[in-house]
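This is structure_9.pdb. It holds PDB, C-alpha atoms and all ligand atoms.
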```
MODEL        1
ATOM      1  CA  MET T1317      16.400  33.401  12.699
ATOM      2  CA  SER T1318      13.975  32.523  15.454
ATOM      3  CA  LYS T1319      14.284  29.204  17.209
ATOM      4  CA  VAL T1320      10.850  28.105  15.984
ATOM      5  CA  ILE T1321      11.711  28.753  12.318
ATOM      6  CA  SER T1322      15.036  27.044  12.783
ATOM      7  CA  GLU T1323      13.352  23.950  14.244
ATOM      8  CA  GLU T1324      10.791  23.868  11.429
ATOM      9  CA  LEU T1325      13.515  24.093   8.809
ATOM     10  CA  GLY T1326      15.357  21.286  10.549
ATOM     11  CA  ALA T1327      12.213  19.108  10.511
ATOM     12  CA  ILE T1328      11.674  19.777   6.795
ATOM     13  CA  ALA T1329      15.295  18.913   6.068
ATOM     14  CA  ARG T1330      14.958  15.636   7.970
ATOM     15  CA  GLN T1331      11.756  14.804   6.075
ATOM     16  CA  LEU T1332      13.434  15.470   2.737
ATOM     17  CA  GLU T1333      16.398  13.383   3.733
ATOM     18  CA  GLU T1334      14.089  10.486   4.601
ATOM     19  CA  GLN T1335      12.244  10.853   1.301
ATOM     20  CA  LEU T1336      15.466  10.824  -0.682
ATOM     21  CA  LYS T1337      16.596   7.750   1.206
ATOM     22  CA  PHE T1338      13.425   5.979   0.159
ATOM     23  CA  TYR T1339      13.887   6.967  -3.495
ATOM     24  CA  ARG T1340      17.388   5.532  -3.322
ATOM     25  CA  GLU T1341      15.959   2.276  -1.965
ATOM     26  CA  LEU T1342      13.623   2.212  -4.923
ATOM     27  CA  GLY T1343      16.616   2.248  -7.236
ATOM     28  CA  VAL T1344      16.937   5.936  -8.040
ATOM     29  CA  ALA T1345      20.449   6.554  -9.245
ATOM     30  CA  ASP T1346      20.327  10.173 -10.146
ATOM     31  CA  ILE T1347      18.334  13.245  -9.430
ATOM     32  CA  ASN T1348      18.460  15.724 -12.260
ATOM     33  CA  GLY T1349      17.834  19.188 -10.956
ATOM     34  CA  ALA T1350      16.247  20.465  -7.819
ATOM     35  CA  ALA T1351      13.275  18.815  -6.269
ATOM     36  CA  ARG T1352      10.030  20.518  -7.030
ATOM     37  CA  PRO T1353       6.742  20.488  -5.190
ATOM     38  CA  ALA T1354       4.471  17.761  -6.453
ATOM     39  CA  GLU T1355       1.524  18.735  -8.536
ATOM     40  CA  THR T1356      -0.393  15.962  -6.943
ATOM     41  CA  ALA T1357      -0.603  16.898  -3.317
ATOM     42  CA  LEU T1358      -2.714  14.059  -2.093
ATOM     43  CA  ARG T1359      -5.551  14.924   0.215
ATOM     44  CA  ALA T1360      -6.680  12.481   2.816
ATOM     45  CA  ASN T1361      -9.049  13.132   5.645
ATOM     46  CA  SER T1362      -9.093  16.785   4.710
ATOM     47  CA  LYS T1363      -5.344  17.106   5.221
ATOM     48  CA  ALA T1364      -3.272  18.068   2.236
ATOM     49  CA  ALA T1365       0.162  16.516   2.213
ATOM     50  CA  ALA T1366       2.549  17.888  -0.369
ATOM     51  CA  ILE T1367       5.098  15.401  -1.662
ATOM     52  CA  VAL T1368       8.348  16.075  -3.355
ATOM     53  CA  GLU T1369       8.847  14.543  -6.763
ATOM     54  CA  PRO T1370      12.278  15.205  -8.142
ATOM     55  CA  VAL T1371      12.820  14.806 -11.853
ATOM     56  CA  ILE T1372      14.982  11.742 -12.008
ATOM     57  CA  HIS T1373      16.638   9.202 -14.170
ATOM     58  CA  VAL T1374      16.936   5.627 -13.071
ATOM     59  CA  SER T1375      19.400   2.828 -13.386
ATOM     60  CA  ALA T1376      20.245  -0.193 -11.295
ATOM     61  CA  PRO T1377      20.131   0.203  -7.500
ATOM     62  CA  VAL T1378      23.095   2.214  -6.319
ATOM     63  CA  ALA T1379      25.080   2.976  -3.239
ATOM     64  CA  GLU T1380      23.782   5.398  -0.620
ATOM     65  CA  SER T1381      26.084   8.170  -1.749
ATOM     66  CA  VAL T1382      24.884   8.346  -5.334
ATOM     67  CA  VAL T1383      22.034  10.780  -4.815
ATOM     68  CA  SER T1384      24.286  13.498  -3.562
ATOM     69  CA  THR T1385      26.639  12.941  -6.498
ATOM     70  CA  PRO T1386      24.537  12.576  -9.645
ATOM     71  CA  ALA T1387      25.837  10.012 -12.101
ATOM     72  CA  PRO T1388      26.098  10.820 -15.805
ATOM     73  CA  ILE T1389      22.741  10.485 -17.484
ATOM     74  CA  THR T1390      22.157   8.733 -20.746
ATOM     75  CA  ASP T1391      18.915   8.206 -22.605
ATOM     76  CA  ALA T1392      19.372   4.486 -22.100
ATOM     77  CA  VAL T1393      18.734   4.705 -18.385
ATOM     78  CA  ILE T1394      15.582   6.793 -18.518
ATOM     79  CA  ILE T1395      12.677   4.651 -17.473
ATOM     80  CA  GLU T1396       9.984   4.347 -20.087
ATOM     81  CA  PRO T1397       6.401   5.360 -19.229
ATOM     82  CA  VAL T1398       4.635   2.784 -17.116
ATOM     83  CA  GLN T1399       2.277   0.779 -19.274
ATOM     84  CA  PRO T1400      -0.691  -1.091 -17.829
ATOM     85  CA  PRO T1401       0.147  -4.785 -17.433
ATOM     86  CA  ALA T1402      -1.605  -7.361 -19.523
ATOM     87  CA  GLN T1403      -5.138  -7.694 -18.179
ATOM     88  CA  THR T1404      -6.518 -10.927 -16.901
ATOM     89  CA  THR T1405     -10.211 -10.702 -16.115
ATOM     90  CA  THR T1406     -10.978  -6.995 -16.302
ATOM     91  CA  PRO T1407      -9.716  -4.944 -19.244
ATOM     92  CA  VAL T1408      -7.461  -2.188 -18.016
ATOM     93  CA  GLU T1409      -9.194   0.162 -20.457
ATOM     94  CA  GLU T1410     -12.325  -0.167 -18.375
ATOM     95  CA  ILE T1411     -10.477   0.990 -15.301
ATOM     96  CA  MET T1412      -7.778   3.403 -16.282
ATOM     97  CA  PRO T1413      -8.760   6.026 -18.875
ATOM     98  CA  LYS T1414      -6.725   5.779 -22.076
ATOM     99  CA  LYS T1415      -5.812   9.441 -21.980
ATOM    100  CA  LYS T1416      -3.847   8.720 -18.818
ATOM    101  CA  GLU T1417      -1.706   6.175 -20.613
ATOM    102  CA  ALA T1418      -0.833   8.688 -23.281
ATOM    103  CA  VAL T1419       0.370  11.323 -20.859
ATOM    104  CA  THR T1420       3.986  12.231 -21.304
ATOM    105  CA  GLN T1421       5.595  11.219 -18.084
ATOM    106  CA  ALA T1422       8.294  12.918 -16.119
ATOM    107  CA  GLY T1423       9.433  12.508 -12.576
ATOM    108  CA  LEU T1424       9.945   9.495 -10.409
ATOM    109  CA  PHE T1425      10.160   6.463 -12.717
ATOM    110  CA  GLY T1426       8.291   8.469 -15.310
ATOM    111  CA  ASP T1427       5.592   9.850 -13.076
ATOM    112  CA  LEU T1428       2.065   9.906 -14.324
ATOM    113  CA  ALA T1429       0.404  13.273 -14.362
ATOM    114  CA  PRO T1430      -2.548  13.358 -11.974
ATOM    115  CA  PRO T1431      -5.698  12.085 -13.649
ATOM    116  CA  GLU T1432      -8.509  14.574 -14.037
ATOM    117  CA  GLU T1433     -11.101  12.185 -12.721
ATOM    118  CA  PRO T1434     -11.171   8.878 -10.846
ATOM    119  CA  ALA T1435     -10.773   5.755 -12.890
ATOM    120  CA  PRO T1436     -14.066   3.976 -13.544
ATOM    121  CA  ARG T1437     -14.710   1.169 -11.158
ATOM    122  CA  ALA T1438     -14.039  -2.403 -12.100
ATOM    123  CA  LYS T1439     -17.043  -4.688 -12.162
ATOM    124  CA  SER T1440     -17.996  -5.945  -8.734
ATOM    125  CA  ALA T1441     -17.865  -9.598  -7.843
ATOM    126  CA  ALA T1442     -20.140 -11.182  -5.291
ATOM    127  CA  LEU T1443     -17.873 -11.491  -2.307
ATOM    128  CA  PRO T1444     -18.489 -12.042   1.368
ATOM    129  CA  LEU T1445     -19.433  -8.953   3.279
ATOM    130  CA  LEU T1446     -20.568  -9.858   6.716
ATOM    131  CA  GLU T1447     -23.317  -8.031   8.507
ATOM    132  CA  SER T1448     -23.502  -7.592  12.236
ATOM    133  CA  LYS T1449     -25.667  -5.651  14.631
ATOM    134  CA  ASP T1450     -22.777  -3.450  15.699
ATOM    135  CA  PRO T1451     -20.411  -2.873  12.783
ATOM    136  CA  SER T1452     -17.905  -0.753  14.731
ATOM    137  CA  LEU T1453     -14.253  -1.646  14.987
ATOM    138  CA  GLU T1454     -14.613  -1.834  18.747
ATOM    139  CA  ALA T1455     -17.393  -4.414  18.414
ATOM    140  CA  ILE T1456     -15.322  -6.478  15.982
ATOM    141  CA  ARG T1457     -12.384  -6.467  18.373
ATOM    142  CA  GLU T1458     -14.706  -7.428  21.195
ATOM    143  CA  ASP T1459     -16.065 -10.333  19.142
ATOM    144  CA  ILE T1460     -12.537 -11.608  18.528
ATOM    145  CA  GLY T1461     -11.884 -11.595  22.259
ATOM    146  CA  GLU T1462      -9.078 -13.911  23.347
ATOM    147  CA  CYS T1463      -9.710 -15.952  20.240
ATOM    148  CA  THR T1464      -8.948 -19.659  20.050
ATOM    149  CA  ARG T1465     -10.965 -20.310  16.885
ATOM    150  CA  CYS T1466      -7.941 -21.580  14.940
ATOM    151  CA  LYS T1467      -4.600 -23.152  15.799
ATOM    152  CA  LEU T1468      -2.698 -19.909  15.334
ATOM    153  CA  HIS T1469      -3.708 -18.914  18.846
ATOM    154  CA  GLU T1470      -1.372 -21.540  20.288
ATOM    155  CA  HIS T1471       1.865 -19.611  19.765
ATOM    156  CA  ARG T1472       0.739 -16.033  19.642
ATOM    157  CA  THR T1473       1.713 -13.363  22.136
ATOM    158  CA  HIS T1474      -0.732 -10.699  20.994
ATOM    159  CA  ILE T1475      -3.665 -10.593  18.638
ATOM    160  CA  VAL T1476      -2.831  -8.000  15.996
ATOM    161  CA  PHE T1477      -6.189  -6.489  15.189
ATOM    162  CA  GLY T1478      -5.119  -3.628  12.923
ATOM    163  CA  GLU T1479      -4.856   0.095  13.406
ATOM    164  CA  GLY T1480      -5.238   3.412  11.683
ATOM    165  CA  HIS T1481      -7.716   6.099  10.804
ATOM    166  CA  PRO T1482     -11.331   4.936  11.139
ATOM    167  CA  GLN T1483     -12.284   7.024   8.079
ATOM    168  CA  ALA T1484      -9.222   6.123   6.053
ATOM    169  CA  LYS T1485      -9.578   6.347   2.287
ATOM    170  CA  LEU T1486      -6.734   3.887   1.903
ATOM    171  CA  VAL T1487      -6.359   0.497   3.596
ATOM    172  CA  PHE T1488      -3.371  -1.834   3.376
ATOM    173  CA  ILE T1489      -3.929  -5.551   3.909
ATOM    174  CA  GLY T1490      -1.113  -7.986   4.640
ATOM    175  CA  GLU T1491      -1.251 -11.716   5.250
ATOM    176  CA  GLY T1492      -0.444 -11.950   8.950
ATOM    177  CA  PRO T1493       1.661 -10.605  11.816
ATOM    178  CA  GLY T1494       5.379 -11.287  12.082
ATOM    179  CA  ALA T1495       7.565 -11.511  15.175
ATOM    180  CA  ASP T1496       7.651  -7.758  15.863
ATOM    181  CA  GLU T1497       3.930  -7.462  15.363
ATOM    182  CA  ASP T1498       3.258 -10.446  17.618
ATOM    183  CA  ALA T1499       5.426  -8.863  20.310
ATOM    184  CA  THR T1500       3.783  -5.446  20.130
ATOM    185  CA  GLY T1501       0.228  -6.199  19.006
ATOM    186  CA  ARG T1502       0.600  -3.639  16.192
ATOM    187  CA  PRO T1503       0.602  -4.343  12.443
ATOM    188  CA  PHE T1504       3.625  -3.699  10.236
ATOM    189  CA  VAL T1505       6.123  -2.430  12.803
ATOM    190  CA  GLY T1506       9.179  -4.491  11.807
ATOM    191  CA  ARG T1507      11.483  -3.897   8.862
ATOM    192  CA  ALA T1508       8.700  -4.539   6.374
ATOM    193  CA  GLY T1509       6.555  -2.093   8.298
ATOM    194  CA  GLN T1510       9.235   0.547   8.093
ATOM    195  CA  LEU T1511       9.347   0.090   4.339
ATOM    196  CA  LEU T1512       5.554   0.336   4.228
ATOM    197  CA  ASP T1513       5.804   3.628   6.139
ATOM    198  CA  LYS T1514       8.145   4.908   3.432
ATOM    199  CA  ILE T1515       5.799   3.770   0.698
ATOM    200  CA  ILE T1516       2.943   5.580   2.437
ATOM    201  CA  ALA T1517       5.086   8.720   2.743
ATOM    202  CA  ALA T1518       6.089   8.478  -0.915
ATOM    203  CA  ILE T1519       2.443   8.856  -1.952
ATOM    204  CA  GLY T1520       2.062  11.896   0.262
ATOM    205  CA  LEU T1521       0.341  10.317   3.249
ATOM    206  CA  LYS T1522       1.189   9.508   6.816
ATOM    207  CA  ARG T1523       0.672   6.193   8.553
ATOM    208  CA  GLU T1524      -2.070   7.717  10.693
ATOM    209  CA  ASP T1525      -4.005   8.684   7.541
ATOM    210  CA  VAL T1526      -4.450   5.059   6.474
ATOM    211  CA  TYR T1527      -5.623   1.814   8.049
ATOM    212  CA  ILE T1528      -3.442  -1.295   8.190
ATOM    213  CA  ALA T1529      -4.584  -4.838   8.942
ATOM    214  CA  ASN T1530      -3.895  -8.472   8.121
ATOM    215  CA  VAL T1531      -5.911 -11.434   6.939
ATOM    216  CA  VAL T1532      -5.099 -13.449  10.064
ATOM    217  CA  LYS T1533      -4.721 -11.730  13.399
ATOM    218  CA  CYS T1534      -2.239 -14.115  15.004
ATOM    219  CA  ARG T1535       1.309 -14.836  13.905
ATOM    220  CA  PRO T1536       1.815 -18.012  11.883
ATOM    221  CA  PRO T1537       4.776 -19.919  13.412
ATOM    222  CA  GLY T1538       8.052 -19.122  11.685
ATOM    223  CA  ASN T1539       6.283 -16.498   9.585
ATOM    224  CA  ARG T1540       4.895 -19.187   7.319
ATOM    225  CA  THR T1541       2.003 -18.413   5.004
ATOM    226  CA  PRO T1542      -1.344 -18.770   6.776
ATOM    227  CA  GLU T1543      -3.006 -22.071   5.964
ATOM    228  CA  ARG T1544      -6.347 -22.320   4.263
ATOM    229  CA  ASP T1545      -8.295 -23.291   7.379
ATOM    230  CA  GLU T1546      -6.703 -20.451   9.343
ATOM    231  CA  VAL T1547      -7.626 -17.916   6.680
ATOM    232  CA  ALA T1548     -11.125 -19.334   6.409
ATOM    233  CA  THR T1549     -11.608 -18.965  10.152
ATOM    234  CA  CYS T1550     -10.116 -15.513  10.607
ATOM    235  CA  GLU T1551     -11.040 -13.664   7.411
ATOM    236  CA  GLN T1552     -14.503 -12.841   8.728
ATOM    237  CA  PHE T1553     -12.957 -10.237  11.001
ATOM    238  CA  LEU T1554     -11.060  -8.577   8.180
ATOM    239  CA  PHE T1555     -14.194  -8.474   6.039
ATOM    240  CA  ARG T1556     -16.084  -6.831   8.884
ATOM    241  CA  GLN T1557     -13.288  -4.290   9.325
ATOM    242  CA  LEU T1558     -13.431  -3.439   5.638
ATOM    243  CA  ALA T1559     -17.213  -3.261   5.672
ATOM    244  CA  PHE T1560     -16.994  -0.701   8.463
ATOM    245  CA  LEU T1561     -14.104   1.288   6.998
ATOM    246  CA  ARG T1562     -15.452   1.395   3.412
ATOM    247  CA  PRO T1563     -12.194   2.880   2.096
ATOM    248  CA  LYS T1564     -11.826   4.157  -1.440
ATOM    249  CA  VAL T1565      -8.880   1.874  -2.134
ATOM    250  CA  ILE T1566      -7.578  -1.362  -0.656
ATOM    251  CA  VAL T1567      -3.963  -2.247  -1.349
ATOM    252  CA  ALA T1568      -3.556  -6.022  -1.133
ATOM    253  CA  LEU T1569       0.031  -6.737  -0.117
ATOM    254  CA  GLY T1570       1.148 -10.093  -1.455
ATOM    255  CA  SER T1571      -0.606 -13.187  -2.770
ATOM    256  CA  PRO T1572      -2.304 -14.409   0.426
ATOM    257  CA  ALA T1573      -4.058 -11.075   1.028
ATOM    258  CA  PHE T1574      -4.998 -10.714  -2.628
ATOM    259  CA  GLN T1575      -6.230 -14.291  -2.942
ATOM    260  CA  CYS T1576      -8.252 -14.032   0.240
ATOM    261  CA  LEU T1577      -9.952 -10.813  -0.795
ATOM    262  CA  LEU T1578     -10.617 -11.672  -4.421
ATOM    263  CA  ARG T1579     -11.347 -15.387  -4.011
ATOM    264  CA  THR T1580      -8.786 -16.235  -6.643
ATOM    265  CA  LYS T1581      -5.737 -18.426  -7.129
ATOM    266  CA  GLU T1582      -3.959 -15.797  -9.188
ATOM    267  CA  THR T1583      -0.531 -14.915  -7.910
ATOM    268  CA  ILE T1584       0.500 -11.401  -7.035
ATOM    269  CA  THR T1585       3.158 -11.495  -9.736
ATOM    270  CA  ARG T1586       0.460 -11.913 -12.344
ATOM    271  CA  ALA T1587      -2.150  -9.642 -10.790
ATOM    272  CA  ARG T1588      -0.121  -6.730  -9.494
ATOM    273  CA  GLY T1589      -0.781  -3.329 -10.930
ATOM    274  CA  GLU T1590      -4.307  -4.115 -12.132
ATOM    275  CA  TRP T1591      -7.310  -2.569 -10.503
ATOM    276  CA  ARG T1592      -9.744  -5.104  -9.062
ATOM    277  CA  ASP T1593     -12.944  -4.752  -7.105
ATOM    278  CA  TRP T1594     -14.020  -5.871  -3.672
ATOM    279  CA  ASN T1595     -17.648  -5.095  -2.990
ATOM    280  CA  GLY T1596     -17.450  -1.828  -4.903
ATOM    281  CA  ILE T1597     -14.069  -0.845  -3.455
ATOM    282  CA  GLN T1598     -11.082  -0.524  -5.746
ATOM    283  CA  VAL T1599      -8.329  -3.038  -4.976
ATOM    284  CA  MET T1600      -4.718  -2.631  -6.059
ATOM    285  CA  PRO T1601      -2.655  -5.823  -5.716
ATOM    286  CA  THR T1602       1.040  -5.272  -5.207
ATOM    287  CA  PHE T1603       4.075  -6.885  -3.631
ATOM    288  CA  HIS T1604       4.367  -7.302   0.128
ATOM    289  CA  PRO T1605       7.048  -5.050   1.666
ATOM    290  CA  ALA T1606       8.774  -8.125   3.117
ATOM    291  CA  TYR T1607       9.161  -9.455  -0.426
ATOM    292  CA  LEU T1608      10.504  -6.089  -1.547
ATOM    293  CA  LEU T1609      13.156  -6.302   1.160
ATOM    294  CA  ARG T1610      14.244  -9.656  -0.255
ATOM    295  CA  SER T1611      13.890  -8.564  -3.881
ATOM    296  CA  PRO T1612      14.701  -4.855  -4.060
ATOM    297  CA  ASP T1613      14.609  -4.943  -7.851
ATOM    298  CA  LYS T1614      10.830  -5.323  -7.536
ATOM    299  CA  LYS T1615      10.459  -1.975  -5.793
ATOM    300  CA  ARG T1616      10.135  -0.226  -9.108
ATOM    301  CA  GLU T1617       7.037  -2.274  -9.982
ATOM    302  CA  ALA T1618       5.574  -1.699  -6.535
ATOM    303  CA  TRP T1619       6.150   2.015  -6.946
ATOM    304  CA  ALA T1620       4.336   1.966 -10.291
ATOM    305  CA  ASP T1621       1.384   0.312  -8.532
ATOM    306  CA  MET T1622       1.427   2.858  -5.736
ATOM    307  CA  LYS T1623       1.452   5.746  -8.180
ATOM    308  CA  LYS T1624      -1.815   4.434  -9.576
ATOM    309  CA  VAL T1625      -3.214   4.438  -6.060
ATOM    310  CA  ARG T1626      -1.946   7.943  -5.427
ATOM    311  CA  ASP T1627      -3.376   9.257  -8.685
ATOM    312  CA  TYR T1628      -6.723   7.578  -8.124
ATOM    313  CA  LEU T1629      -7.039   9.033  -4.628
ATOM    314  CA  SER T1630      -5.862  12.479  -5.633
ATOM    315  CA  ALA T1631      -8.530  12.644  -8.354
ATOM    316  CA  LEU T1632     -11.361  11.886  -5.950
ATOM    317  CA  PRO T1633     -13.537  14.814  -4.928
ATOM    318  CA  ASP T1634     -12.867  16.075  -1.402
TER     319      ASP T1634
HETATM  320  S1  LIG Y   1      -5.791 -16.120  13.670
HETATM  321 FE1  LIG Y   1      -7.828 -15.252  13.881
HETATM  322  S2  LIG Y   1      -9.208 -17.017  14.094
HETATM  323 FE2  LIG Y   1      -7.118 -17.739  14.489
HETATM  324  S3  LIG Y   1      -6.897 -17.592  16.718
HETATM  325 FE3  LIG Y   1      -6.104 -15.672  15.836
HETATM  326  S4  LIG Y   1      -7.850 -14.246  15.872
HETATM  327 FE4  LIG Y   1      -8.663 -16.325  16.163
ENDMDL
END
```

Can you dump the structure from the file as structure tokens?
Ligand code: SF4
Amino acid sequence: MSKVISEELGAIARQLEEQLKFYRELGVADINGAARPAETALRANSKAAAIVEPVIHVSAPVAESVVSTPAPITDAVIIEPVQPPAQTTTPVEEIMPKKKEAVTQAGLFGDLAPPEEPAPRAKSAALPLLESKDPSLEAIREDIGECTRCKLHEHRTHIVFGEGHPQAKLVFIGEGPGADEDATGRPFVGRAGQLLDKIIAAIGLKREDVYIANVVKCRPPGNRTPERDEVATCEQFLFRQLAFLRPKVIVALGSPAFQCLLRTKETITRARGEWRDWNGIQVMPTFHPAYLLRSPDKKREAWADMKKVRDYLSALPD
């Protein structure tokens, strides 16, 4: 075997190992049979990324070693098909076609089969979308400058502007930088960021395929939730970023990001999993990775939300 082939096989093995580790973190207790190539290789930025979706059965979170030694399977531990959560303002039927709900599901947590067409868009609300002479990301960053517009500048080390692909179809929005982000100037690089990387990989994408930003660009002291005046001052830059990026989907991570975008007081617990709309862009509210680290039992719900995102994106025309 040539050295090149050997190295490639080694890289694939490492990737699979990482993927399996993430499934275990999501609560996967057993993998029944060999992994098979996903039918929903998600394309982003003209790059196809095949993901591996083993047929699995799920029970409570288990020890690291369980995946390599499948536990006995009973019908009682098979996860039921994911049903759309109770709708609040927009009927789910308007967003997710009914035929999708009826699909017999198999795979990770009862994987949905890829939809044949994108879900219809939710009705658009009138939300702020700022105009500027130069809409580019560079111009937005230049406008922020060494910002002192709100009190969060007092303790920051770096402004965390956001980063990623300028033509990303998928954008993740968090509430604000943490300690690692403040130290590096990059979004989502701490433990929560590492979990976000795994979530991105689980839907068949790489971090460089997507764009990641926060509502406020400077770290709130002690990682507290950004205060209303801080959000009100800083959100203009996020809105301009989104207006430039025009992604197909925005994933709002946690209540502050969701509430800022949608101008609502709804909590993420109530809203998660339901498609919303921000200026004609589909929004999927879901839990923040930092919350998932504290409450790993919620990973299953977050994964259900992310599968909707994956299926929506994979059904879009290239
Ligand atoms: S959080 Fe935003 S508005 Fe406040 S100082 Fe930082 S960049 Fe400026």

Q: Taking all atoms listed in the file into account, report as JSON, numbers by chain which residues have an atom no farther than 7 Å from an atom of ligand LIG 1 (chain Y).
A: {"T": [1460, 1463, 1464, 1465, 1466, 1467, 1468, 1469, 1475, 1532, 1533, 1534, 1546, 1549, 1550]}

Q.
Could you tell me how far atom CA of T:Val1599 sits from atom CA of T:Leu1561, in Å to one decimal place?
A.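 Going from atom CA of T:Leu1561 over to atom CA of T:Val1599 covers 14.0 Å.
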
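With all atoms listed in the file as the basis for measurement, T:Arg1588 is the residue among T:Arg1507, T:Lys1449, T:Arg1330, T:Arg1588 that approaches T:Trp1619 most closely.
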
Q: Compute the distance from (4.3, 0.8, 0.0) to each atom, counting only C-alpha atoms, keep the residues with any atom at most 9 Å away, and return them as number ranges by chain; use the coordinates of the file.
A: T: 1488, 1511-1519, 1567, 1569, 1602-1605, 1615, 1618-1619, 1622

Q: Please provide the set of residues having any atom within 8 Å of T:Gly1501, restricted to all atoms listed in the file, with same-chain residues fewer than 2 positions apart removed, written as a list in words.
A: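 Result of the neighbour search: Thr1473, His1474, Ile1475, Val1476, Phe1477, Glu1497, Asp1498, Ala1499 and Pro1503 of chain T.
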
Q: Pick out the closest residue to T:Gly1570 from this set: T:Leu1608, T:Ala1327, T:Val1526, T:Val1487. Count only C-alpha atoms.
A: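 Between T:Leu1608, T:Ala1327, T:Val1526, T:Val1487, the residue approaching T:Gly1570 most closely is T:Leu1608.
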
Q: Find the distance between atom CA of T:Lys1623 and atom CA of T:Trp1594 and write it in Å to one decimal.
A: 19.9 Å

Q. Just how far from atom CA of T:Asn1530 is atom CA of T:Glu1491, in Å to one decimal?
A. 5.1 Å

Q) Skipping near chain neighbours, those fewer than 6 positions away, what residues fall within 7 Å of T:Pro1563 using all atoms listed in the file, listed as a count of residues only? A) 5

Coordinates of box centre and edge lengths for stretch 1544-1560 of chain T, 5 Å on every side, axis-aligned, as lines of an AutoDock Vina configuration file:
```
center_x = -11.8
center_y = -12.0
center_z = 7.6
size_x = 20.9
size_y = 32.6
size_z = 16.7
```

Q.
Running the PyMOL selection byres (((chain T and resi 1576) around 9) and not hetatm) on this model by hand, what would come out? Give it as a PyMOL selection string.
A. chain T and resi 1491+1531+1547-1548+1551+1571-1575+1577-1581

**Q.** the PyMOL selection byres (((chain T and resi 1480) around 8) and not hetatm) applied to the shown file, residues as a PyMOL selection string
**A.** chain T and resi 1478-1479+1481-1482+1484+1523-1528

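Among the candidate residues T:Val1565, T:Ile1584, T:Glu1470, T:Lys1522, the one lying nearest to T:Tyr1607 is T:Ile1584, with distances computed using all atoms listed in the file.
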
Q) Looking at only C-alpha atoms, which of T:Ile1321, T:Leu1453, T:Ala1620, T:Ala1329 is the one that sits closest to T:Phe1555? A)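 Under the stated criterion, the closest residue is T:Leu1453.
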
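Comparing the minimum interatomic distances between T:Asp1593 and each of T:Ile1489, T:Val1505, T:Ala1568, T:Ala1606, counting all atoms listed in the file, we find that T:Ala1568 sits nearest.
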
Q.
Excluding stretch 1456-1459 of chain T and its own-chain neighbours fewer than 2 positions away, which residues fall within 8 Å of it when counting only C-alpha atoms? Please give them as a PyMOL selection string.
A. chain T and resi 1451-1454+1461+1477+1553+1556-1557

Produce a file of the selected residues containing C-alpha atoms, as a short mmCIF file (atom, residue, chain, number, x, y, z; two decimals), in the coordinates of the input.
```
data_model
loop_
_atom_site.label_atom_id
_atom_site.label_comp_id
_atom_site.auth_asym_id
_atom_site.auth_seq_id
_atom_site.Cartn_x
_atom_site.Cartn_y
_atom_site.Cartn_z
CA PRO T 1451 -20.41 -2.87 12.78
CA SER T 1452 -17.90 -0.75 14.73
CA LEU T 1453 -14.25 -1.65 14.99
CA GLU T 1454 -14.61 -1.83 18.75
CA GLY T 1461 -11.88 -11.60 22.26
CA PHE T 1477 -6.19 -6.49 15.19
CA PHE T 1553 -12.96 -10.24 11.00
CA ARG T 1556 -16.08 -6.83 8.88
CA GLN T 1557 -13.29 -4.29 9.32
#
```
